[in-house]
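To start, the structure itself, in structure tokens.
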Amino acid sequence: MSSIKKRLAAFLASLLLIFALILTILPITIVAYSNYPLSSSDTEIASALDYLRNNQTIQGDIGGFGTSAWATMAIAAAGEDPHDWKAGGDSIVDYLAANAGDATSVTDYARMTLAIVAADEDPTGFGGRDFVNLLKGQYNSGQIGDTSLLNDDFWGVMGLISAGESASSEIIANSVAFIKNNQNGDDGWSWGVGQDSDVDDTACAVMALIAAGESSGSNAITNGLNYIKSQQADNGGFLSWGATNPSTDSWAIDAIVAAGQNPTSSYWTKNNNIPIDDLLGFQNPDGSFPDWQGNPSPWITAYAIPALLGKPYPVEVLQPQEPGSVYVRVEGQSSTIWSGNVTVSESTITDDEGNPHYLSDPTALGALDEASQIGNFSYTVHYYEGLGLCIWSISGEGDWTSGPWWQYRVDDYPAGVGADSFVLNVTSTPAPPHYEILFYSSITFSETPLKIALNKTEVDVGEEFAVTVNAYNDTTHNWLPCANATVHADEDYVTGSDGTVDISISRDGSFKVFAEKSGYIRSDKVLVKVGTGEGTQAQVSLNANVVPAISIKISPLSIDFGNLVPGRTSNAHTLSIENKGGMPIKVTAQVTDQAQGLFVTGLKLDDSSWESFDTIVDVNDWEEMRAKLVVPLNYAGVGQKAGALIFWAEEAS
Amino acid sequence: MQGRWLLTAFCLVIAVMLLFPVSLLAAGVGIAPRELEFNAYPGSSANETLYVINTGDNEAEYRVYSEEKYKNWFDIAPNEFTLTPNEVKEVQITVSPPLLSVGDHAAYIYVAATNPSPQLGVGAGIKVPVHLHIASWPLYVAIGMVALLVGLAAFLVWRRNRAY
């Protein structure tokens with residue numbers, strides 16, 4: 001019996017020991033987050049997203065303008081579409097677009113660019129603003145923004161890289177050099193030149209350099225991470241003003257991940273604590289993370305989500321343009337001739353004299369040639385010694401002597417060299433990369449492009465949406481509101497003094513919205529889906545009547561001069577000529593007969609020989625004339641005589 | 001009673017005829033593009049499309065042809081067809097310039113809508129300007145052709161000598 005008791009006691013003691021060991025190990029196992037990075041289905045992320053969602057207003061914003069941009073990045077990092085984030089009203093993307101004008105500083109432009117790209121929108125045309133050009137416009141003295149600041153360079157580089165700017169471009173290369181040149185002696189970076197290092201700015205510098213292609217093994221990165229490591233606290237987090245906080249932890253984790261390291265590795269473990277533990281330790285039961293005062297903050301929550309997901313900034317990057325891949329738009333005087341994407345490498349251009357010209361680089365003219373083949377429209381170029389190949393006409397439009405003349409712009413800038421010399425993604429100005437080539441028919445040489453921005457592109461029937469028309473300013477190189485521009489949608493609208501007009505369409509359909517104004521280049525078209533998107537508008541478009549270039553209509557079909565005797569003149573018969581084409585026409589007459597010369601010799605038009613008939617008829621105009629037949633006195637024929645009178649039209653010169 | 005009905009019908013017919021005098025009787029033709037441009041080498045060919053539309057009110061017969069001087073340069077298909085009002089025909093125009101034709105040439109393609117009539121038929125036509133840019137073959141092609149001819153001649157000489 002005692003043996004049994006002893007065995008039972010030993011068993012219980014073992015059980016107790018195991019339980020005690022489990023209790024000892026359990027806290028570590030629970031706190032230490034070994035499954036980093038988290039996924040969006042993990043409770044920590046799901047609750048953080050719920051917190052953001054619960055803080056969205058009906059206007060679409062979460063925590064205001066700046067925080068909404070960070071939240072957009074967090075939402076995208078979690079694999080959700082920010083366009084779907086609505087609280088019974090506009091989406092968070094709609095909100096950012098509607099308030100794009102609130103961005104005024106370099107960091108505003110950079111944050112917006114990062115958010116816009118994360119939302120799969122175009123940073124060169126969002127809310128009526130071109131954030132890429134705005135950022136590029138801040139480039140000075142080999143760096144971005146204020147020469148005494150560094151944080152505007154960190155975020156400026158990340159913003160531009162996110163928008164597809166090449167790491168080898170001048171602005172990125174020089175800004176990267178500026179950042180590296182201002183790494184402090186303690187291996188960290190500060191917010192300003194010559195200021196003390198801190199973890200937040202060092203983390204941003206590391207993310208910017210990595211985004212710009214800096215090797216994670218380079219001295220700048222290795223040393224930067226060493227600085228961050230030196231600031232790690234015993235709880236695994238990173239110190240800022242003597243304590244850890246979720247914001248600093250988030251950016252430090254972002255930097256570690258950006259550099260290809262694992263924040264849960266032994267290197268980043270201190271006193272058995274890892275950075276993730278400290279960050280998650282700040283999370284409130286409602287999923288939020290607190291600000292510096294301890295209050296739940298959508299802003300800080302938006303920082304924490306990408307860090308926990310292992311997705312540092314920039315969370316999305318547009319791939320730099322393929323060499324020679326651009327969007328081409330050809331705007332004629334009365335309509336758009338073609339628009340679309342082309343890829344061009346080398347090209348052989350045949351001039352108007354039939355001479356081939358080989359262009360070994362992807363050029364603007366090569367892009368036009370490629371577009372003409374895809375779009376099946378013609379163009380002519382003439383070679384001038386010293387000037388190169390000049391565009392004479394596109395789709396039959398253009399006249400080198402009297403105009404209109406063809407001009408082109410690259411990313412809205414008027415090009416400074418001939419189209420055969422502008423090498424895509426190489427030539428400046430504008431600086432590469434190049435996205436759009438706009439060929440346009442010019443009369444005054446001073447036309448500038450229009451651009452439209454819509455706050456919504458999918459609306460219900462009768463729902464109002466705003467169209468903003470901006471005109472490019474060649475002096476300041478930015479877009480300014482354009483008043484009194486005509487906006488074409490289901491019908492024509494006119495913009496107010498702020499360049500905006502509110503439109504509501506009362507029927508289903510898909511409508512191509514664009515703007516025109518005399519003296520400006522027609523805007524590109526934006527498709528707006530109203531209701532189901534299927535309606536009469538599409539049918540109207542399909543039934544559009546294309547007027548032939550040259551057209552003539554004659555009535556009547558025949559003339560019966562009745563019974564005539566030699567030496568007599570018939571009664572006058574009225575003929576009408578109508579111009580139904582798109583050009584003024586010059587009309588002449590020709591007569592043939594099988595009547596022994598009766599009609600050839602005797603037909604008079606307006607009392608003169610038909611051979612001298614010559615008139616100009618304008619577009620949509622008509623002319624009348626009187627036809628008579630004079631039967632020569634010695635005419636030998638008798639009976640019914642047949643002949644033919646044909647009026648020939650040709651384009652009036 | 002029947003006589004009154006016949007009189008009314010007759011008056012109506014007359015009235016209708018007076019309301020629509022000659023407007024229904026019109027010949028029309030439209031074309032696009034307004035001119036044609038060909039770039040080709042001697043002995044090669046180039047193709048363009050001309051669209052012809054009946055802008056008249058009646059079915060009409062259409063004929064497309066080139067001016068006599070360049071008659072042998074052009075192949076036009078179809079060159080004769082019938083169009084109902086607003087019907088469009090796609091006409092393929094192929095130019096094959098002869099070997100000795102380098103330079104710029106200006107010609108016309110004629111598109112005529114005719115209405116055969118026992119009296120004086122009235123028709124409409126359009127003269128379409130045609131610009132022909134016939135370039136000389138690039139030098140390397142010319143050298144290649146000369147080399148081919150020399151080779152052919154050498155082969156024939158060799159073959160003849162071999163026969164003897």
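Residues in the structure tokens are named by chain (A, B, ... in the order shown) and by number from 1 within that chain; ligands are numbered from 1 in the order shown.
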
Test item: residues at most 10 Å from B:Ile53, only C-alpha atoms, excluding those fewer than 4 positions along its chain, as a list in words: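 Close residues of B:Ile53: Val547, Pro548 and Ser551 of chain A; Gly28, Val29, Gly30, Ile31, Ala32, Tyr62, Leu83, Thr84, Pro85, Asn86, Glu87, Val88, Lys89 and Glu90 of chain B.
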
Generate a file of the selected residues that holds N, CA and C atoms, formatted as a CSV table (one decimal), in the first residue's frame.
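Resulting contents of result_34.csv:
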chain,number,residue,atom,x,y,z
A,547,VAL,N,-19.9,62.1,-90.8
A,547,VAL,CA,-20.1,62.7,-92.1
A,547,VAL,C,-18.9,62.4,-93.0
A,548,PRO,N,-19.2,62.1,-94.3
A,548,PRO,CA,-18.0,61.8,-95.2
A,548,PRO,C,-17.2,63.1,-95.4
A,551,SER,N,-18.7,65.2,-100.0
A,551,SER,CA,-19.9,64.7,-100.4
A,551,SER,C,-20.7,65.7,-101.2
B,28,GLY,N,-26.5,61.1,-104.9
B,28,GLY,CA,-25.5,61.6,-104.0
B,28,GLY,C,-24.4,60.6,-103.8
B,29,VAL,N,-23.2,61.2,-103.5
B,29,VAL,CA,-22.1,60.4,-103.2
B,29,VAL,C,-21.2,61.1,-102.1
B,30,GLY,N,-20.6,60.3,-101.2
B,30,GLY,CA,-19.7,60.8,-100.3
B,30,GLY,C,-18.5,59.9,-100.2
B,31,ILE,N,-17.4,60.5,-99.8
B,31,ILE,CA,-16.2,59.6,-99.7
B,31,ILE,C,-15.4,60.0,-98.5
B,32,ALA,N,-14.6,59.1,-98.0
B,32,ALA,CA,-13.6,59.3,-96.9
B,32,ALA,C,-12.5,58.3,-97.1
B,62,TYR,N,-22.6,52.9,-108.8
B,62,TYR,CA,-21.4,53.6,-108.5
B,62,TYR,C,-20.2,53.0,-109.3
B,83,LEU,N,-25.4,50.9,-104.5
B,83,LEU,CA,-25.6,51.3,-103.1
B,83,LEU,C,-27.0,51.8,-102.8
B,84,THR,N,-27.6,51.3,-101.8
B,84,THR,CA,-28.9,51.9,-101.4
B,84,THR,C,-28.6,53.2,-100.5
B,85,PRO,N,-29.6,54.1,-100.3
B,85,PRO,CA,-29.3,55.3,-99.5
B,85,PRO,C,-28.6,55.0,-98.2
B,86,ASN,N,-27.5,55.7,-97.9
B,86,ASN,CA,-26.7,55.6,-96.7
B,86,ASN,C,-25.9,54.3,-96.6
B,87,GLU,N,-25.9,53.5,-97.6
B,87,GLU,CA,-25.1,52.3,-97.6
B,87,GLU,C,-23.6,52.7,-97.9
B,88,VAL,N,-22.7,52.0,-97.3
B,88,VAL,CA,-21.3,52.3,-97.4
B,88,VAL,C,-20.6,51.1,-98.1
B,89,LYS,N,-19.7,51.4,-99.0
B,89,LYS,CA,-18.9,50.4,-99.6
B,89,LYS,C,-17.4,50.7,-99.3
B,90,GLU,N,-16.7,49.6,-98.9
B,90,GLU,CA,-15.2,49.7,-98.7
B,90,GLU,C,-14.5,49.3,-100.0

Long-range neighbours of A:Tyr358 as an MDAnalysis selection string, 10 Å cut-off, only C-alpha atoms, 6 positions minimum in chain: chainID A and resid 346:350 366 420

Residues flagged strand (DSSP E or B) by DSSP in stretch 261-431 of chain A, as a VMD selection string: chain A and resid 270 273 289 to 290 296 to 297 325 to 331 336 to 343 347 to 350 356 to 359 363 379 to 384 388 to 394 397 405 to 410 413 to 414 423

Using C-alpha atoms, can you export the residues from the last selection as a PDB file, in the first residue's frame?
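Everything below was put into out_14.pdb:
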ATOM      1  CA  LYS A 270      16.282  41.666 -26.018  1.00  0.00           C
ATOM      2  CA  ASN A 273      11.359  40.306 -25.671  1.00  0.00           C
ATOM      3  CA  PHE A 289      -3.324  51.726 -30.562  1.00  0.00           C
ATOM      4  CA  PRO A 290      -2.828  54.784 -28.364  1.00  0.00           C
ATOM      5  CA  PRO A 296      -6.955  55.537 -28.812  1.00  0.00           C
ATOM      6  CA  SER A 297      -5.724  56.866 -32.122  1.00  0.00           C
ATOM      7  CA  SER A 325       6.063  52.254 -72.962  1.00  0.00           C
ATOM      8  CA  VAL A 326       3.826  55.311 -72.915  1.00  0.00           C
ATOM      9  CA  TYR A 327       0.257  56.486 -73.211  1.00  0.00           C
ATOM     10  CA  VAL A 328      -0.281  58.306 -76.492  1.00  0.00           C
ATOM     11  CA  ARG A 329      -3.128  60.705 -77.150  1.00  0.00           C
ATOM     12  CA  VAL A 330      -3.709  62.465 -80.464  1.00  0.00           C
ATOM     13  CA  GLU A 331      -6.061  65.436 -80.271  1.00  0.00           C
ATOM     14  CA  THR A 336      -9.721  62.898 -80.503  1.00  0.00           C
ATOM     15  CA  ILE A 337      -8.020  60.926 -83.249  1.00  0.00           C
ATOM     16  CA  TRP A 338      -6.656  58.162 -81.036  1.00  0.00           C
ATOM     17  CA  SER A 339      -5.555  57.363 -77.518  1.00  0.00           C
ATOM     18  CA  GLY A 340      -4.007  54.281 -75.995  1.00  0.00           C
ATOM     19  CA  ASN A 341      -0.855  52.647 -74.702  1.00  0.00           C
ATOM     20  CA  VAL A 342       2.017  51.779 -76.980  1.00  0.00           C
ATOM     21  CA  THR A 343       5.417  50.227 -76.536  1.00  0.00           C
ATOM     22  CA  SER A 347      11.429  52.450 -85.500  1.00  0.00           C
ATOM     23  CA  THR A 348      11.787  53.232 -89.147  1.00  0.00           C
ATOM     24  CA  ILE A 349       9.881  56.310 -90.208  1.00  0.00           C
ATOM     25  CA  THR A 350       9.210  56.958 -93.886  1.00  0.00           C
ATOM     26  CA  PRO A 356      13.150  55.775 -94.589  1.00  0.00           C
ATOM     27  CA  HIS A 357      14.698  57.117 -91.357  1.00  0.00           C
ATOM     28  CA  TYR A 358      15.895  54.620 -88.798  1.00  0.00           C
ATOM     29  CA  LEU A 359      15.497  55.659 -85.156  1.00  0.00           C
ATOM     30  CA  THR A 363      11.249  58.131 -79.474  1.00  0.00           C
ATOM     31  CA  TYR A 379       0.431  60.612 -90.578  1.00  0.00           C
ATOM     32  CA  THR A 380       3.054  62.341 -92.695  1.00  0.00           C
ATOM     33  CA  VAL A 381       6.453  63.697 -91.771  1.00  0.00           C
ATOM     34  CA  HIS A 382       8.886  65.788 -93.727  1.00  0.00           C
ATOM     35  CA  TYR A 383      12.628  65.801 -93.208  1.00  0.00           C
ATOM     36  CA  TYR A 384      14.243  69.220 -92.777  1.00  0.00           C
ATOM     37  CA  GLY A 388      14.918  66.441 -88.467  1.00  0.00           C
ATOM     38  CA  LEU A 389      11.561  64.840 -89.059  1.00  0.00           C
ATOM     39  CA  CYS A 390       8.641  67.229 -88.633  1.00  0.00           C
ATOM     40  CA  ILE A 391       5.039  66.100 -88.405  1.00  0.00           C
ATOM     41  CA  TRP A 392       3.074  67.576 -91.282  1.00  0.00           C
ATOM     42  CA  SER A 393      -0.257  65.896 -90.838  1.00  0.00           C
ATOM     43  CA  ILE A 394      -2.066  63.309 -88.777  1.00  0.00           C
ATOM     44  CA  GLU A 397      -5.271  67.103 -90.599  1.00  0.00           C
ATOM     45  CA  TRP A 405       0.402  72.591 -87.032  1.00  0.00           C
ATOM     46  CA  TRP A 406       1.116  69.505 -84.966  1.00  0.00           C
ATOM     47  CA  GLN A 407       2.816  69.979 -81.619  1.00  0.00           C
ATOM     48  CA  TYR A 408       3.484  67.521 -78.843  1.00  0.00           C
ATOM     49  CA  ARG A 409       3.918  67.478 -75.101  1.00  0.00           C
ATOM     50  CA  VAL A 410       5.418  64.932 -72.770  1.00  0.00           C
ATOM     51  CA  TYR A 413       5.395  69.793 -70.723  1.00  0.00           C
ATOM     52  CA  PRO A 414       5.855  71.288 -74.188  1.00  0.00           C
ATOM     53  CA  VAL A 423      14.021  59.533 -76.320  1.00  0.00           C
TER      54      VAL A 423
END

Residues of chain B within 10 Å of chain A, counting only C-alpha atoms, as a VMD selection string: chain B and resid 21 to 41 51 to 58 102 to 104 110 to 129 131 to 138

Take the selection from the previous step and output its residues with C-alpha atoms, as an mmCIF file, in the first residue's frame.
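again_20.cif, written as the output of this step:
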data_model
loop_
_atom_site.group_PDB
_atom_site.id
_atom_site.type_symbol
_atom_site.label_atom_id
_atom_site.label_comp_id
_atom_site.auth_asym_id
_atom_site.auth_seq_id
_atom_site.Cartn_x
_atom_site.Cartn_y
_atom_site.Cartn_z
ATOM 1 C CA PRO B 21 -41.772 67.448 -105.871
ATOM 2 C CA VAL B 22 -38.183 66.602 -106.661
ATOM 3 C CA SER B 23 -36.721 66.246 -103.191
ATOM 4 C CA LEU B 24 -37.036 62.496 -103.289
ATOM 5 C CA LEU B 25 -35.175 62.352 -106.568
ATOM 6 C CA ALA B 26 -31.575 63.085 -105.761
ATOM 7 C CA ALA B 27 -28.253 61.443 -106.498
ATOM 8 C CA GLY B 28 -25.495 61.627 -103.951
ATOM 9 C CA VAL B 29 -22.064 60.369 -103.178
ATOM 10 C CA GLY B 30 -19.687 60.848 -100.268
ATOM 11 C CA ILE B 31 -16.182 59.599 -99.691
ATOM 12 C CA ALA B 32 -13.595 59.314 -96.938
ATOM 13 C CA PRO B 33 -10.761 60.022 -96.609
ATOM 14 C CA ARG B 34 -10.653 63.233 -98.595
ATOM 15 C CA GLU B 35 -7.390 62.254 -100.286
ATOM 16 C CA LEU B 36 -5.233 59.211 -100.657
ATOM 17 C CA GLU B 37 -1.554 58.964 -100.096
ATOM 18 C CA PHE B 38 0.652 56.090 -101.195
ATOM 19 C CA ASN B 39 4.286 55.467 -100.388
ATOM 20 C CA ALA B 40 5.791 52.702 -102.463
ATOM 21 C CA TYR B 41 8.856 51.518 -104.286
ATOM 22 C CA TYR B 51 -15.061 54.460 -98.251
ATOM 23 C CA VAL B 52 -17.927 55.371 -100.545
ATOM 24 C CA ILE B 53 -21.383 56.252 -99.230
ATOM 25 C CA ASN B 54 -24.639 56.866 -101.023
ATOM 26 C CA THR B 55 -25.766 60.269 -99.736
ATOM 27 C CA GLY B 56 -28.638 60.381 -102.190
ATOM 28 C CA ASP B 57 -32.237 59.361 -101.757
ATOM 29 C CA ASN B 58 -32.320 56.549 -104.258
ATOM 30 C CA VAL B 102 10.555 57.193 -108.984
ATOM 31 C CA GLY B 103 9.309 60.600 -107.849
ATOM 32 C CA ASP B 104 6.120 62.298 -106.695
ATOM 33 C CA TYR B 110 -12.999 59.263 -109.662
ATOM 34 C CA VAL B 111 -16.093 58.080 -107.843
ATOM 35 C CA ALA B 112 -19.272 58.562 -109.849
ATOM 36 C CA ALA B 113 -22.904 57.913 -109.037
ATOM 37 C CA THR B 114 -24.843 57.620 -112.254
ATOM 38 C CA ASN B 115 -28.497 57.352 -113.084
ATOM 39 C CA PRO B 116 -29.168 55.967 -116.527
ATOM 40 C CA SER B 117 -32.030 57.910 -118.037
ATOM 41 C CA PRO B 118 -33.811 58.006 -121.378
ATOM 42 C CA GLN B 119 -33.459 61.814 -121.189
ATOM 43 C CA LEU B 120 -30.556 63.711 -119.641
ATOM 44 C CA GLY B 121 -29.501 61.712 -116.609
ATOM 45 C CA VAL B 122 -28.011 63.769 -113.800
ATOM 46 C CA GLY B 123 -25.307 62.249 -111.658
ATOM 47 C CA ALA B 124 -22.832 63.214 -108.960
ATOM 48 C CA GLY B 125 -19.172 62.444 -108.685
ATOM 49 C CA ILE B 126 -16.137 63.169 -106.570
ATOM 50 C CA LYS B 127 -12.564 63.620 -107.660
ATOM 51 C CA VAL B 128 -10.298 62.160 -105.007
ATOM 52 C CA PRO B 129 -6.733 63.536 -105.081
ATOM 53 C CA HIS B 131 -0.499 61.576 -103.924
ATOM 54 C CA LEU B 132 1.979 58.969 -105.004
ATOM 55 C CA HIS B 133 5.408 59.035 -103.446
ATOM 56 C CA ILE B 134 7.543 56.546 -105.302
ATOM 57 C CA ALA B 135 10.927 56.244 -103.654
ATOM 58 C CA SER B 136 13.974 54.614 -105.133
ATOM 59 C CA TRP B 137 14.914 51.329 -103.550
ATOM 60 C CA PRO B 138 17.430 51.595 -100.725
#

Test item, alpha helix (DSSP H) assignment across stretch 385-628 of chain A, answer as a PyMOL selection string: chain A and resi 536-542+598-602

Close residues, stretch 443-453 of chain A itself excluded, 10 Å, only C-alpha atoms, min 4 positions apart in chain, as a ChimeraX atom specification: /A:97-98,125-129,333,398,402-407,409,412-414,438,457,466-474,479-482,485,487,499-500,513-526

Spatial neighbours of stretch 65-82 of chain B, 8 Å, only C-alpha atoms, chain gap at least 2 places, as a PyMOL selection string: chain B and resi 59-63+84+91-98+107-111

Those selected residues, please, written with C-alpha atoms and delivered as a CSV table (one decimal), in the first residue's frame.
chain,number,residue,atom,x,y,z
B,59,GLU,CA,-30.4,53.4,-105.0
B,60,ALA,CA,-27.7,54.3,-107.4
B,61,GLU,CA,-24.9,52.7,-109.4
B,62,TYR,CA,-21.4,53.6,-108.5
B,63,ARG,CA,-18.2,53.4,-110.5
B,84,THR,CA,-28.9,51.9,-101.4
B,91,VAL,CA,-13.1,50.0,-101.8
B,92,GLN,CA,-9.6,48.7,-101.8
B,93,ILE,CA,-7.2,50.7,-103.9
B,94,THR,CA,-3.9,49.1,-104.7
B,95,VAL,CA,-1.1,51.0,-106.5
B,96,SER,CA,1.7,49.1,-108.2
B,97,PRO,CA,4.0,51.7,-109.7
B,98,PRO,CA,6.1,50.5,-112.7
B,107,ALA,CA,-3.4,61.7,-109.8
B,108,TYR,CA,-7.1,61.4,-109.3
B,109,ILE,CA,-9.5,58.6,-108.5
B,110,TYR,CA,-13.0,59.3,-109.7
B,111,VAL,CA,-16.1,58.1,-107.8

Need the shell around stretch 201-203 of chain A: protein/DNA/RNA residues with any atom at most 9 Å away, counting only C-alpha atoms. Skip same-chain ones fewer than 2 positions apart. Format as a compact mmCIF listing (two decimals) with N, CA and C atoms, in the first residue's frame?
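Generated file (out33.txt):
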# COMPACT_ATOMS: atom_id res chain seq x y z
N LEU A 150 15.43 66.79 -43.40
CA LEU A 150 15.71 65.47 -43.97
C LEU A 150 14.45 64.63 -44.13
N ASN A 151 13.47 64.85 -43.22
CA ASN A 151 12.28 63.99 -43.29
C ASN A 151 11.53 64.19 -44.59
N PHE A 154 13.18 61.84 -46.97
CA PHE A 154 12.83 60.43 -46.75
C PHE A 154 11.49 60.12 -47.44
N GLN A 183 23.86 61.25 -42.74
CA GLN A 183 23.79 60.25 -41.66
C GLN A 183 24.73 60.72 -40.53
N ASP A 187 25.47 56.96 -36.43
CA ASP A 187 24.89 56.06 -37.43
C ASP A 187 23.39 56.26 -37.65
N GLY A 188 22.77 57.17 -36.90
CA GLY A 188 21.35 57.41 -37.08
C GLY A 188 21.08 58.64 -37.92
N TRP A 189 19.81 58.91 -38.14
CA TRP A 189 19.41 60.12 -38.86
C TRP A 189 18.46 60.93 -37.98
N SER A 190 18.38 62.20 -38.30
CA SER A 190 17.45 63.08 -37.60
C SER A 190 16.41 63.60 -38.57
N TRP A 191 15.50 64.39 -38.08
CA TRP A 191 14.49 65.04 -38.93
C TRP A 191 15.10 66.20 -39.70
N SER A 197 20.03 62.32 -33.73
CA SER A 197 19.38 61.14 -34.33
C SER A 197 18.20 60.69 -33.47
N ASP A 198 17.25 60.05 -34.12
CA ASP A 198 16.16 59.39 -33.41
C ASP A 198 15.74 58.18 -34.21
N VAL A 199 15.06 57.24 -33.51
CA VAL A 199 14.69 55.97 -34.14
C VAL A 199 13.71 56.20 -35.29
N ALA A 205 14.65 56.83 -42.94
CA ALA A 205 15.79 56.91 -43.85
C ALA A 205 16.11 55.54 -44.42
N VAL A 206 16.08 54.53 -43.55
CA VAL A 206 16.35 53.16 -44.02
C VAL A 206 15.31 52.73 -45.05
N MET A 207 14.03 53.00 -44.76
CA MET A 207 12.98 52.61 -45.72
C MET A 207 13.15 53.34 -47.05
N ALA A 208 13.49 54.62 -46.99
CA ALA A 208 13.66 55.41 -48.22
C ALA A 208 14.82 54.87 -49.04
N GLY A 224 22.66 52.17 -40.00
CA GLY A 224 21.36 52.69 -39.57
C GLY A 224 20.65 51.69 -38.67
N LEU A 225 20.68 50.42 -39.06
CA LEU A 225 20.05 49.39 -38.22
C LEU A 225 20.78 49.23 -36.89
N TYR A 227 22.10 51.64 -35.29
CA TYR A 227 21.60 52.72 -34.43
C TYR A 227 20.25 52.32 -33.82
N ILE A 228 19.37 51.78 -34.68
CA ILE A 228 18.05 51.38 -34.18
C ILE A 228 18.20 50.32 -33.07
N THR A 248 6.85 54.59 -32.73
CA THR A 248 8.27 54.33 -32.95
C THR A 248 8.51 52.84 -33.19
N TRP A 251 7.50 52.01 -36.90
CA TRP A 251 8.43 52.40 -37.95
C TRP A 251 9.74 51.63 -37.86
N ALA A 252 10.19 51.34 -36.62
CA ALA A 252 11.42 50.57 -36.48
C ALA A 252 11.23 49.16 -37.05
N ILE A 253 10.08 48.56 -36.76
CA ILE A 253 9.79 47.23 -37.32
C ILE A 253 9.74 47.32 -38.85
N ASP A 254 9.10 48.39 -39.36
CA ASP A 254 9.05 48.58 -40.81
C ASP A 254 10.46 48.59 -41.41
N ALA A 255 11.37 49.33 -40.76
CA ALA A 255 12.73 49.46 -41.29
C ALA A 255 13.46 48.11 -41.26
N ILE A 256 13.26 47.38 -40.17
CA ILE A 256 13.91 46.06 -40.03
C ILE A 256 13.43 45.14 -41.17
